[in-house]
Structure formats: C-alpha cells, structure tokens
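Source file: model-v4.csv (CSV, C-alpha atoms)
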chain,number,residue,atom,x,y,z
A,570,MET,CA,-48.1,58.7,0.7
A,571,ALA,CA,-49.0,56.7,3.8
A,572,LEU,CA,-47.7,53.6,2.1
A,573,MET,CA,-44.3,55.2,1.4
A,574,THR,CA,-44.1,56.5,4.9
A,575,SER,CA,-44.9,53.0,6.2
A,576,ALA,CA,-42.3,51.4,4.0
A,577,LEU,CA,-39.7,54.0,4.9
A,578,THR,CA,-40.4,53.5,8.6
A,579,MET,CA,-40.1,49.7,8.2
A,580,THR,CA,-36.8,49.8,6.3
A,581,ASP,CA,-35.4,52.4,8.8
A,582,ALA,CA,-36.4,50.0,11.6
A,583,LEU,CA,-34.8,47.0,9.9
A,584,ASN,CA,-31.6,49.0,9.4
A,585,SER,CA,-31.5,49.9,13.0
A,586,ILE,CA,-31.6,46.3,14.3
A,587,GLY,CA,-27.9,45.7,14.0
A,588,GLU,CA,-28.2,42.3,12.5
A,589,SER,CA,-28.3,41.2,8.8
A,590,ILE,CA,-31.9,41.2,7.6
A,591,LEU,CA,-33.1,39.9,4.2
A,592,LEU,CA,-36.7,40.0,2.7
A,593,ALA,CA,-37.9,37.3,0.3
A,594,ASP,CA,-41.1,37.0,-1.6
A,595,LEU,CA,-43.4,33.9,-1.8
A,596,ASN,CA,-41.2,32.5,-4.6
A,597,TYR,CA,-38.2,32.8,-2.3
A,598,ASP,CA,-36.6,35.5,-4.4
A,599,LEU,CA,-34.5,38.0,-2.4
A,600,VAL,CA,-36.2,41.5,-2.7
A,601,TRP,CA,-34.3,43.6,-0.1
A,602,MET,CA,-31.5,43.6,2.4
A,603,ASN,CA,-30.6,46.1,5.1
A,604,ASP,CA,-27.2,47.8,5.3
A,605,GLU,CA,-25.9,45.3,7.8
A,606,ALA,CA,-26.7,42.5,5.4
A,607,LYS,CA,-25.0,44.3,2.6
A,608,ASN,CA,-21.8,44.5,4.7
A,609,LEU,CA,-21.9,40.8,5.3
A,610,PHE,CA,-22.8,39.8,1.8
A,611,THR,CA,-20.1,41.9,0.3
A,612,LYS,CA,-17.8,39.2,1.6
A,613,ILE,CA,-20.1,36.3,0.8
A,614,ALA,CA,-21.3,37.3,-2.7
A,615,PRO,CA,-17.9,36.4,-4.5
A,616,LEU,CA,-18.2,32.9,-3.1
A,617,PHE,CA,-21.3,32.5,-5.3
A,618,GLY,CA,-19.8,34.3,-8.3
A,619,TYR,CA,-21.3,37.7,-7.7
A,620,GLU,CA,-19.3,40.9,-7.5
A,621,ARG,CA,-21.5,42.9,-5.1
A,622,ALA,CA,-24.1,42.3,-2.4
A,623,ASP,CA,-26.7,44.2,-4.5
A,624,ASP,CA,-26.3,41.6,-7.3
A,625,LEU,CA,-28.1,39.1,-5.0
A,626,ILE,CA,-31.3,41.1,-5.1
A,627,GLY,CA,-33.7,39.2,-7.4
A,628,GLU,CA,-31.9,35.9,-7.0
A,629,ASN,CA,-33.7,32.9,-5.7
A,630,MET,CA,-32.7,31.4,-2.3
A,631,ASP,CA,-32.4,28.0,-3.9
A,632,LYS,CA,-28.9,29.0,-5.1
A,633,PHE,CA,-27.7,29.2,-1.6
A,634,HIS,CA,-28.8,25.7,-0.5
A,635,THR,CA,-27.2,22.4,-1.2
A,636,ASN,CA,-30.7,20.8,-1.2
A,637,PRO,CA,-33.1,23.4,-2.5
A,638,GLU,CA,-36.1,21.0,-2.8
A,639,ARG,CA,-35.8,20.1,0.9
A,640,GLN,CA,-35.5,23.8,1.8
A,641,ARG,CA,-38.6,24.7,-0.3
A,642,ASP,CA,-40.6,22.0,1.4
A,643,ARG,CA,-39.6,23.3,4.8
A,644,MET,CA,-40.5,26.9,3.8
A,645,GLU,CA,-43.9,25.9,2.5
A,646,ARG,CA,-44.8,24.2,5.8
A,647,LEU,CA,-43.4,27.1,7.8
A,648,THR,CA,-46.0,28.6,10.1
A,649,GLU,CA,-43.8,30.3,12.7
A,650,LYS,CA,-40.2,31.3,12.9
A,651,HIS,CA,-37.6,28.7,12.2
A,652,GLN,CA,-34.0,28.9,13.6
A,653,VAL,CA,-31.0,27.0,12.2
A,654,ARG,CA,-27.3,27.4,12.0
A,655,ILE,CA,-25.9,27.4,8.5
A,656,ASN,CA,-22.4,27.0,7.0
A,657,ILE,CA,-21.7,29.1,4.0
A,658,LYS,CA,-19.0,27.6,1.8
A,659,ASN,CA,-17.0,26.6,4.9
A,660,LYS,CA,-16.1,30.3,5.2
A,661,PHE,CA,-18.9,31.8,7.2
A,662,VAL,CA,-21.2,30.4,9.9
A,663,ALA,CA,-24.5,32.1,10.7
A,664,ASP,CA,-27.4,31.6,13.0
A,665,THR,CA,-30.4,32.1,10.8
A,666,VAL,CA,-34.0,33.0,11.8
A,667,ILE,CA,-36.6,32.7,9.1
A,668,THR,CA,-40.0,34.2,9.9
A,669,PRO,CA,-43.2,34.1,7.7
A,670,MET,CA,-44.9,37.5,7.8
A,671,LYS,CA,-48.7,37.4,7.7
A,672,ASN,CA,-51.1,39.8,6.1
A,673,ASN,CA,-54.5,40.9,7.6
A,674,GLU,CA,-56.0,37.6,6.3
A,675,GLY,CA,-53.5,35.6,8.2
A,676,GLU,CA,-51.7,34.4,5.0
A,677,THR,CA,-48.0,34.5,4.5
A,678,SER,CA,-47.1,37.5,2.3
A,679,TYR,CA,-43.3,37.5,2.5
A,680,TYR,CA,-40.4,36.2,4.7
A,681,THR,CA,-37.8,37.9,6.8
A,682,ILE,CA,-34.5,36.2,7.2
A,683,MET,CA,-32.2,37.4,9.9
A,684,LEU,CA,-28.6,36.2,9.9
A,685,MET,CA,-26.3,36.5,12.9
A,686,ASP,CA,-22.6,36.1,11.9
A,687,VAL,CA,-21.2,33.6,14.4
A,688,THR,CA,-18.1,32.6,12.4
A,689,THR,CA,-15.7,33.6,15.1
A,690,LYS,CA,-17.9,32.0,17.8
A,691,ALA,CA,-18.0,28.7,15.7
A,692,GLU,CA,-14.3,28.8,15.2
A,693,GLU,CA,-13.8,29.3,19.0
A,694,GLU,CA,-16.1,26.4,19.7
A,695,GLU,CA,-14.2,24.2,17.2
A,696,ARG,CA,-10.9,25.1,18.8
A,697,LYS,CA,-12.5,24.4,22.2
A,698,ASP,CA,-13.7,21.0,21.0
A,699,HIS,CA,-10.3,20.2,19.6
A,700,LEU,CA,-8.6,21.2,22.9
A,701,ILE,CA,-11.0,19.0,24.8
A,702,GLU,CA,-10.3,16.1,22.5
A,703,SER,CA,-6.6,16.6,22.9
A,704,LEU,CA,-6.8,16.7,26.7
A,705,SER,CA,-9.1,13.7,26.7
A,706,ILE,CA,-6.4,11.5,25.2
A,707,PRO,CA,-3.0,13.0,26.2
A,708,ILE,CA,0.2,11.8,24.5
A,709,LEU,CA,3.1,11.9,27.0
A,710,LYS,CA,6.8,11.6,26.2
A,711,VAL,CA,8.2,9.1,28.6
A,712,TRP,CA,11.5,8.2,27.0
A,713,ASP,CA,13.8,9.4,24.2
A,714,HIS,CA,11.8,7.4,21.6
A,715,ALA,CA,8.7,6.4,23.5
A,716,VAL,CA,5.3,7.9,24.3
A,717,ALA,CA,2.6,6.8,26.7
A,718,VAL,CA,-1.2,7.2,25.9
A,719,PRO,CA,-3.5,6.7,28.9
A,720,LEU,CA,-7.0,5.7,27.7
A,721,ILE,CA,-9.9,6.5,30.0
A,722,GLY,CA,-13.6,5.8,29.3
A,723,ASP,CA,-15.2,4.7,26.1
A,724,LEU,CA,-13.6,5.0,22.7
A,725,ASP,CA,-16.1,6.0,20.1
A,726,GLU,CA,-15.3,6.5,16.4
A,727,LYS,CA,-14.5,10.2,16.8
A,728,ARG,CA,-12.1,9.7,19.7
A,729,VAL,CA,-10.4,6.8,17.9
A,730,ASP,CA,-9.9,8.8,14.7
A,731,HIS,CA,-8.5,11.7,16.7
A,732,LEU,CA,-6.2,9.3,18.7
A,733,ILE,CA,-4.8,7.6,15.6
A,734,SER,CA,-4.3,10.9,13.7
A,735,SER,CA,-2.6,12.6,16.7
A,736,LEU,CA,-0.5,9.6,17.6
A,737,LEU,CA,0.7,8.9,14.0
A,738,LYS,CA,1.7,12.6,13.7
A,739,GLU,CA,3.6,12.4,17.0
A,740,CYS,CA,5.4,9.2,16.0
A,741,THR,CA,6.5,10.3,12.6
A,742,GLU,CA,7.6,13.8,13.6
A,743,GLY,CA,9.2,12.7,16.9
A,744,ASP,CA,10.9,9.6,15.7
A,745,ILE,CA,8.9,7.5,18.2
A,746,GLN,CA,9.7,3.8,18.2
A,747,TYR,CA,7.4,2.7,21.0
A,748,ALA,CA,3.9,3.7,22.0
A,749,LEU,CA,2.7,2.6,25.4
A,750,ILE,CA,-1.1,2.3,25.3
A,751,ASP,CA,-2.3,2.3,28.9
A,752,LEU,CA,-5.6,0.5,29.5
A,753,SER,CA,-5.7,0.8,33.3
A,754,GLY,CA,-8.5,3.3,32.9
A,755,ILE,CA,-10.6,0.9,30.8
A,756,HIS,CA,-12.8,-1.4,32.8
A,757,LYS,CA,-14.1,-3.8,30.1
A,758,PHE,CA,-13.6,-4.7,26.5
A,759,ASN,CA,-16.1,-5.4,23.8
A,760,ASP,CA,-15.8,-6.3,20.1
A,761,GLN,CA,-15.8,-2.6,19.1
A,762,PHE,CA,-13.0,-1.8,21.4
A,763,SER,CA,-11.0,-4.8,20.2
A,764,ARG,CA,-11.4,-3.6,16.6
A,765,HIS,CA,-10.3,-0.1,17.6
A,766,LEU,CA,-7.2,-1.5,19.3
A,767,ARG,CA,-6.4,-3.6,16.2
A,768,GLN,CA,-6.8,-0.6,14.0
A,769,LEU,CA,-4.5,1.4,16.2
A,770,ASN,CA,-1.8,-1.3,16.3
A,771,GLN,CA,-1.9,-1.7,12.5
A,772,SER,CA,-1.6,2.1,12.0
A,773,LEU,CA,1.4,2.3,14.3
A,774,GLN,CA,3.1,-0.6,12.5
A,775,LEU,CA,2.9,1.3,9.2
A,776,VAL,CA,5.1,4.1,10.6
A,777,GLY,CA,7.5,1.7,12.3
A,778,THR,CA,6.3,2.2,15.9
A,779,GLU,CA,5.8,-0.8,18.1
A,780,CYS,CA,2.5,-0.8,20.1
A,781,LEU,CA,2.9,-1.9,23.7
A,782,VAL,CA,-0.3,-2.4,25.7
A,783,VAL,CA,0.1,-1.9,29.4
A,784,GLY,CA,-2.2,-1.8,32.4
A,785,ILE,CA,-3.7,-5.3,31.8
A,786,THR,CA,-5.3,-6.4,35.0
A,787,PRO,CA,-6.4,-10.0,35.6
A,788,LYS,CA,-10.0,-9.0,35.4
A,789,LEU,CA,-9.5,-7.1,32.2
A,790,ALA,CA,-7.5,-10.0,30.7
A,791,LEU,CA,-10.5,-12.3,31.0
A,792,SER,CA,-12.5,-10.1,28.6
A,793,PHE,CA,-9.6,-9.1,26.4
A,794,GLN,CA,-10.2,-11.1,23.2
A,795,TYR,CA,-7.7,-9.6,20.9
A,796,PHE,CA,-4.0,-10.7,21.0
A,797,GLY,CA,-2.8,-9.6,17.6
A,798,LYS,CA,0.5,-10.7,16.0
A,799,GLY,CA,3.3,-8.6,17.3
A,800,LEU,CA,1.2,-6.9,20.0
A,801,LYS,CA,3.0,-7.1,23.3
A,802,THR,CA,1.1,-6.7,26.6
A,803,PHE,CA,2.4,-5.8,30.1
A,804,LYS,CA,0.9,-5.7,33.5
A,805,ASN,CA,1.8,-2.1,34.1
A,806,THR,CA,3.6,0.9,32.7
A,807,TYR,CA,6.7,0.1,34.6
A,808,ALA,CA,7.0,-3.3,33.0
A,809,GLY,CA,6.5,-1.7,29.6
A,810,LEU,CA,9.2,1.0,30.2
A,811,ARG,CA,11.6,-1.7,31.4
A,812,TYR,CA,11.1,-3.5,28.0
A,813,ILE,CA,11.8,-0.2,26.2
A,814,ILE,CA,14.9,0.5,28.1
A,815,GLN,CA,16.3,-3.0,27.4
A,816,HIS,CA,15.6,-2.8,23.7
A,817,ASP,CA,16.2,0.9,23.0
A,818,SER,CA,19.9,0.7,22.5

Before anything else, please render the file you have as structure tokens.
Amino acid sequence: MALMTSALTMTDALNSIGESILLADLNYDLVWMNDEAKNLFTKIAPLFGYERADDLIGENMDKFHTNPERQRDRMERLTEKHQVRINIKNKFVADTVITPMKNNEGETSYYTIMLMDVTTKAEEEERKDHLIESLSIPILKVWDHAVAVPLIGDLDEKRVDHLISSLLKECTEGDIQYALIDLSGIHKFNDQFSRHLRQLNQSLQLVGTECLVVGITPKLALSFQYFGKGLKTFKNTYAGLRYIIQHDS
C-alpha cells in the first residue's frame, strides 16, 4: 500500500511539472510518460510510424537516435544529468535533460528524460540568424539593371554561400546585368578570399551578370592576387556606376 501511495505521489508530481517527462529503464526502454509528454508525442509518434503516444511505451530509445551506439555509450557513462538540444525529424526541436536516478546503494535504477519543446524558439533563432546574415551583406539596387554589394569584414564559407545564393536569386529574378562588389570595407586579401571572389564571379557569369569589383585602393591592390578573365575593377563605386551607365543602353 505504501509503495502504491509512493508511486501515485511520484506520478502526480511528474504530471504537475508542466514539462514532458519520460521514464526509461536500464535497458533504455520507455516505461512511462506523463500527460504533457503524451500531448507532445501525439504529434511526434506518427513521424516514427506509430499511431498514438502510448504506442511508444515499451519501445527502446535506440529507435529515436541516428547513432544509437554512441547514445548508449553516453548513457552508460552518465553519472549526473546531461542536457542537449535534439532535432526530431526536422519537425520538432527540444531541449532534453537526461538524469540517472539512483537507488539507496547509489546505483542507477532508471532514467528520467525531460523534454522542453523549443521548436518555436528555434525557428525564431533561425529567422534571427537569417536576418543577421541578410543585413551583414546587403544587396542594394543602384540602377535599373544593377545592384551593389558592400562587403565588410571576413568572408567565411557560410557568408559566401549566403552571398552567392542571395545574389544569384536577386540577379535572376530582377533581370540584373551588373553586380558591383564593393571591397572598400575589406582591408586585406588572402588566398581564401581570392578563391571566394573567383567563385562569386563564375557564379554570376552563369546567370549572365557581369561582376564589377569596386573600391580597390592602392594598398589593397598590392595584395590583390586575382584578376580573372572578364573581371573588371574600379577605384570606387562612382567609376563602376559610370561604366554601367555608358554600357546599359
């Protein structure tokens, strides 16, 4: 009777937390979930071929990991709570806290898994990151068929990929014939930057847009090693615009 009362008290307590709670045994089989978890897994269960959240009871946690062996190794070495953000089938994002529960002898007897659905938060963070990326490399319409792209700071792979993707989309959808790449905010070149510039120029050529590099200072020209075929350079944006006006007829 005392055991039933204790169990009832524990499940009531877990149901009152307001977060999704799962219990797993030492074999990592799911043995129980609270009401909040049932609400969450009602949406998640079909992604794994189950109709209801209750169908997950008795299933092994391995089924929900892309690398179950690595997860098992981590669980076996777990001595205190472990927190990690997981992505479930690119549909749900959850902050997960796994805690080994000890018995009187100090041995792990089962695990509690708490999931906090942060899908909306993750989507907002992704949109924020996308906005920051967009603002970090603005694409400005400066003439009927021309845009200007002022570059500032270092260009890593992520920024270059974003730049090329955004610029190609703008050029194809907006019938852009000229792209002014302003390097006045760049203080030095290296081999990686030259490679990125070459990649950008080649990508623009594929969609019929001429790449015009502007903002070349004498100091910058000394370290500027790449002068590709068909790549025109100008001292400043004004000179580049004058070229566009003369040829855009």

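Compared by their closest atoms to Leu737 in chain A, and using all atoms listed in the file, the residues A:Leu752, A:Leu720, A:Leu616, A:Leu769 rank with A:Leu769 nearest.
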
> Which polymer residues have any atom within 12 Å of an atom of Gln768 in chain A, counting all atoms listed in the file, with same-chain residues fewer than 3 positions away left out, as a PyMOL selection string?
Replying inline: chain A and resi 726+729-730+732-734+761-765+771-775+780+795+797+800

>> (4.1, 2.1, 29.2) in this file's frame - what residues fall within 12 Å of it? Use all atoms listed in the file and give the answer as a VMD selection string.
In response: chain A and resid 708 to 712 715 to 720 747 to 753 779 to 785 801 to 814

> Using all atoms listed in the file, which residue out of A:Gln746, A:Thr580, A:Asn770, A:Thr688 lies closest to Ala663 in chain A?
Replying inline: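 Distance minimum relative to Ala663 in chain A lands on A:Thr688.
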
> Quick one: residues within 8 Å of range 624-626 of chain A, only C-alpha atoms counted, chain neighbours fewer than 4 positions away excluded, as a PyMOL selection string?
Replying inline: chain A and resi 598-602+614+619-620

> CA of Thr778 in chain A and CA of Ala790 in chain A are how many Å apart?
Replying inline: 23.6 Å

>> As an exercise, work out the distance from CA of Ile745 in chain A to CA of Lys727 in chain A in Å and give it to one decimal place.
In response: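 Going from CA of Ile745 in chain A over to CA of Lys727 in chain A, I get 23.6 Å.
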